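Participant: Could you have a look at this structure, given as structure tokens, before my questions?
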Amino acid sequence: MKEFPLLRLPRHFFVTIACVVMVGSLVVARASPGEPDAGASLYALKDVFQQDDGAAVRLDHWAGRPVLMAMAYSSCRETCSYTMHRLEELEKAATSRGQPIEIVIVSYDPRVDDATVWSSYRRRHRLNDSHWHFLVGSDQATRAFASMLGLRFWNYDEHVMHEFGITLVDSTGHISRVLHWTNRNENLLAAANPP
Amino acid sequence: MMTKQSLYSRRAARVQLPAEGWRGSLLAAAVLLAAGFVALRGARADVEGLAVHGFVDAGYTYTDQPDPPSKTGFRLGTLDLYLSPQLGDRVKALMEVVWEFDSWYNNGQADTDVERLQIGYTVSDDLTVWLGRFHTPYGYYNTAYHHGGELQPTVLRPQFLAFEDHGGILPAHTVGLWFTGHKAEGGLGRITYDLYFGNGSRILPDSSGKGQIDMNSVGDDNGNHAYGGRFGYQFSDGPLDGLWIGVHGLKEEIDAYLDSSNSNSATSKTQLAVLGAFEEWDVGNWEWLTEYYHFNNTTLLNTTGPSFTPVASSADGKHTSSAAYTQVSYLFQGRISPYLRYEVTNFDQADPYFTSLDGGLSFRRGLIGVRYDVSPAACVKLEMDRTDAKRDGGNWYTDARLQLAVRF
């Protein structure tokens, strides 16, 4: 068989060249880590979300009270599980202080997490209290919400890769304080208005 | 008579892979170059660009196997890079390239594999069609967990569901068409379905002569296509809330080419027929997985000896085998997940399909481990297993593994 001169080069040559090109591309293309939009009110987002009981709702439904907001998806057993764990801890802290708090979780994965799936998730995780709210929106609404909270996410097949973040939103829909991974153990509710 | 040592010590002739290494490298290079240019274009056109993400893992392995795929010591795992662009409302793609190291008996050479290269079209909320190389939709594990170590709940996959180049005995990848979707059933749950049609696989010797499945990425060697499907139901209410159960089947004709002196001539032909069932039950912090596979293979050609002389198959050439595992895990504080797995296989050693394959020996394995999520993008896993492969001439042996895995 005739051999092309190019193919006499070591086989890893091609991969090495390709890696250099790709890594260089990444340096150029990579977006900076997400930051929450501190200036805008989340309640300016007019997209309609669906709750796990099937009701349609907009975020300004929770105007006038402090709200913990986060994102998760139902089949995640990693970061989302820790997010729920921290939310439960924060809920207990709020209860012990007699501080009313609402908890709103928006799905990262509207392909799967319809109202039925969220409802099942709520039951299986025993998050039945009425101040827990599981929402799902359109692709566009999901991305807009994540952008305002500064949460980056992307799909990897049926998985959604994402960051950890819990955001305290004040009564006007502005971000009061954010828990990232680095300050995950802080008492977020110290920034909330006392009852 | 050849002495069998472990699951991985196979008797295949010492032959070399066809000189296709550079083709794989070229293909990987082409994919990476395309990815790079796409990323660069994206960067110019859009602030976010098209990010390349991936996984890396490394660790330490202890083993007392006499002929192990990896010896005791520090171990590099995989470097996995992928892109998953959404190209408009309906078209999407997934490209995944993995660098990993061969087993010890293949001299630990670095290999590059284009593990997945698939382009999808979303017909509706209930149906997506993929074309390309995808993970064959059988059972639960093969489509739930892919190549990234950080995503896997354990260090080791169930051995019989390992990828083809890690001693797997099923075609984990298929090149062809895949129809997948789900349909909601009121508020009770939903039906899931997958149908696929693609190139049938073949068995080729690796660089040490051990047989491994190749998924015929550039055309079918014998013109007998693979086809199969998976149907399931996910409960969203009632006492079975959180349970996904299903059945699946796969059929294809697989030829083995293990004769170094005549690599174009099949040394065995098998009609592979697999039926199976699975369940995945996510009950809050508990998760329980079980999969069962029943093989009803038909030998169409068998050979024996170093000259691969054809021999008549016994009776009608039928061989039945089976494989199963069950795994349970519990999640503490959203970050700590201990797990247990028991795995058992019963491979007919008169079936040339299994005797051609590295990893084709029957075994039983118990595995225990724990996963700790250090951060949303990093985890550490520690696990130990005890394997009994004595039934088919192997050994008892113990492995322990520590793995640090990250994603980015």
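Chains: A, B, ... in order of the structure tokens. Residues: from 1 per chain. Ligands: from 1, in order shown.
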Could you list, as a PyMOL selection string, every residue within 12 Å of Leu127 of chain A, counting only C-alpha atoms and ignoring same-chain residues fewer than 4 positions away?
Facilitator: (chain A and resi 52+84-85+87-88+91+103-105+118-123+131-134) or (chain B and resi 284)
Participant: Name all residues at most 8 Å from His294 of chain B (count only C-alpha atoms; drop same-chain ones fewer than 3 positions away) and give them as a list in words.
Facilitator: Val274, Leu275, Gly276, Thr320, Ser321, Ser322 and Ala323 of chain B
Participant: For His162 of chain A, work out the shell of residues within 10 Å, counting only C-alpha atoms and skipping chain neighbours fewer than 5 positions away, then give it as number ranges by chain.
Facilitator: A: 71-72, 79-80, 108, 151-155; B: 376-377, 408
Participant: For the helix (DSSP H, G or I) assignment from backbone DSSP, which residues of segment 102-315 of chain B qualify? Please present them as number ranges by chain.
Facilitator: B: 104-106, 141-144, 159-161, 164-166, 238-240
Participant: Do you know which residues are at most 8 Å from Tyr330 of chain B counting only C-alpha atoms, after dropping those on the same chain fewer than 5 positions away, and could you put them as a PDB file with N, CA and C atoms, in the first residue's frame?
Facilitator:
ATOM      1  N   ASN B 285     -32.379   9.797  49.742  1.00  0.00           N
ATOM      2  CA  ASN B 285     -30.937   9.600  49.864  1.00  0.00           C
ATOM      3  C   ASN B 285     -30.490   8.197  49.458  1.00  0.00           C
ATOM      4  N   TRP B 286     -31.431   7.284  49.332  1.00  0.00           N
ATOM      5  CA  TRP B 286     -31.092   5.923  48.918  1.00  0.00           C
ATOM      6  C   TRP B 286     -31.143   5.810  47.405  1.00  0.00           C
ATOM      7  N   GLU B 287     -30.227   4.987  46.861  1.00  0.00           N
ATOM      8  CA  GLU B 287     -30.335   4.622  45.444  1.00  0.00           C
ATOM      9  C   GLU B 287     -30.003   3.142  45.307  1.00  0.00           C
ATOM     10  N   SER B 337     -21.089   9.431  50.217  1.00  0.00           N
ATOM     11  CA  SER B 337     -21.932   8.364  49.679  1.00  0.00           C
ATOM     12  C   SER B 337     -21.223   7.011  49.753  1.00  0.00           C
ATOM     13  N   PRO B 338     -21.468   6.239  50.798  1.00  0.00           N
ATOM     14  CA  PRO B 338     -20.959   4.863  50.816  1.00  0.00           C
ATOM     15  C   PRO B 338     -21.803   3.975  49.907  1.00  0.00           C
ATOM     16  N   TYR B 339     -21.166   2.939  49.347  1.00  0.00           N
ATOM     17  CA  TYR B 339     -21.888   2.076  48.417  1.00  0.00           C
ATOM     18  C   TYR B 339     -21.399   0.632  48.506  1.00  0.00           C
TER      19      TYR B 339
END
Participant: Please provide the set of residues having any atom within 7 Å of Ala277 of chain B, restricted to only C-alpha atoms, with same-chain residues fewer than 3 positions apart removed, written as a ChimeraX atom specification.
Facilitator: /B:139,246-248,291-293
Participant: Taking only C-alpha atoms into account, name the residue in B:Thr136, B:Ser70, B:Gln159, B:Asn216 that is nearest to Phe179 of chain B.
Facilitator: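 Going through B:Thr136, B:Ser70, B:Gln159, B:Asn216 one by one, the smallest distance to Phe179 of chain B is for B:Thr136.
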Participant: Compare A:Thr116, A:Gln51, A:Ser176, A:Ser41 by their minimum atom-to-atom distance to Met148 of chain A, counting only C-alpha atoms, and give me the closest one.
Facilitator: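 Between A:Thr116, A:Gln51, A:Ser176, A:Ser41, the residue approaching Met148 of chain A most closely is A:Ser41.
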Participant: Contacts of His159 of chain A at 10 Å or less, counting only C-alpha atoms, minus same-chain residues fewer than 4 places along, as a count of residues only?
Facilitator: 10
Participant: Using only C-alpha atoms, find the one residue out of B:Gly211, B:Gly242, B:Gly393, B:Gly219 that sits nearest to chain A.
Facilitator: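 Distance minimum relative to chain A lands on B:Gly242.
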Participant: Measuring between only C-alpha atoms, which one of B:His182, B:Arg133, B:Arg157, B:Lys71 shows the shortest distance to Arg111 of chain A?
Facilitator: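 That would be B:His182, the residue with the smallest distance to Arg111 of chain A.
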Participant: For Ala56 of chain A, work out the shell of residues within 10 Å, counting only C-alpha atoms and skipping chain neighbours fewer than 5 positions away, then give it as an MDAnalysis selection string.
Facilitator: chainID A and resid 48:51 135:137
Participant: DSSP on the backbone: what in segment 59-164 of chain A comes out strand (DSSP E or B), as a PyMOL selection string?
Facilitator: chain A and resi 67-72+102-107+132-136+153-156+159-162
Participant: When distances are computed from only C-alpha atoms, which of B:Ser375, B:Thr72, B:Thr398, B:Thr128 shows the smallest separation from chain A?
Facilitator: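 That would be B:Ser375, the residue with the smallest distance to chain A.
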Participant: Report, in Å with one decimal, the straight-line distance from atom CA of Asp206 of chain B to atom CA of His135 of chain B.
Facilitator: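 Distance reported for this atom pair: 21.0 Å.
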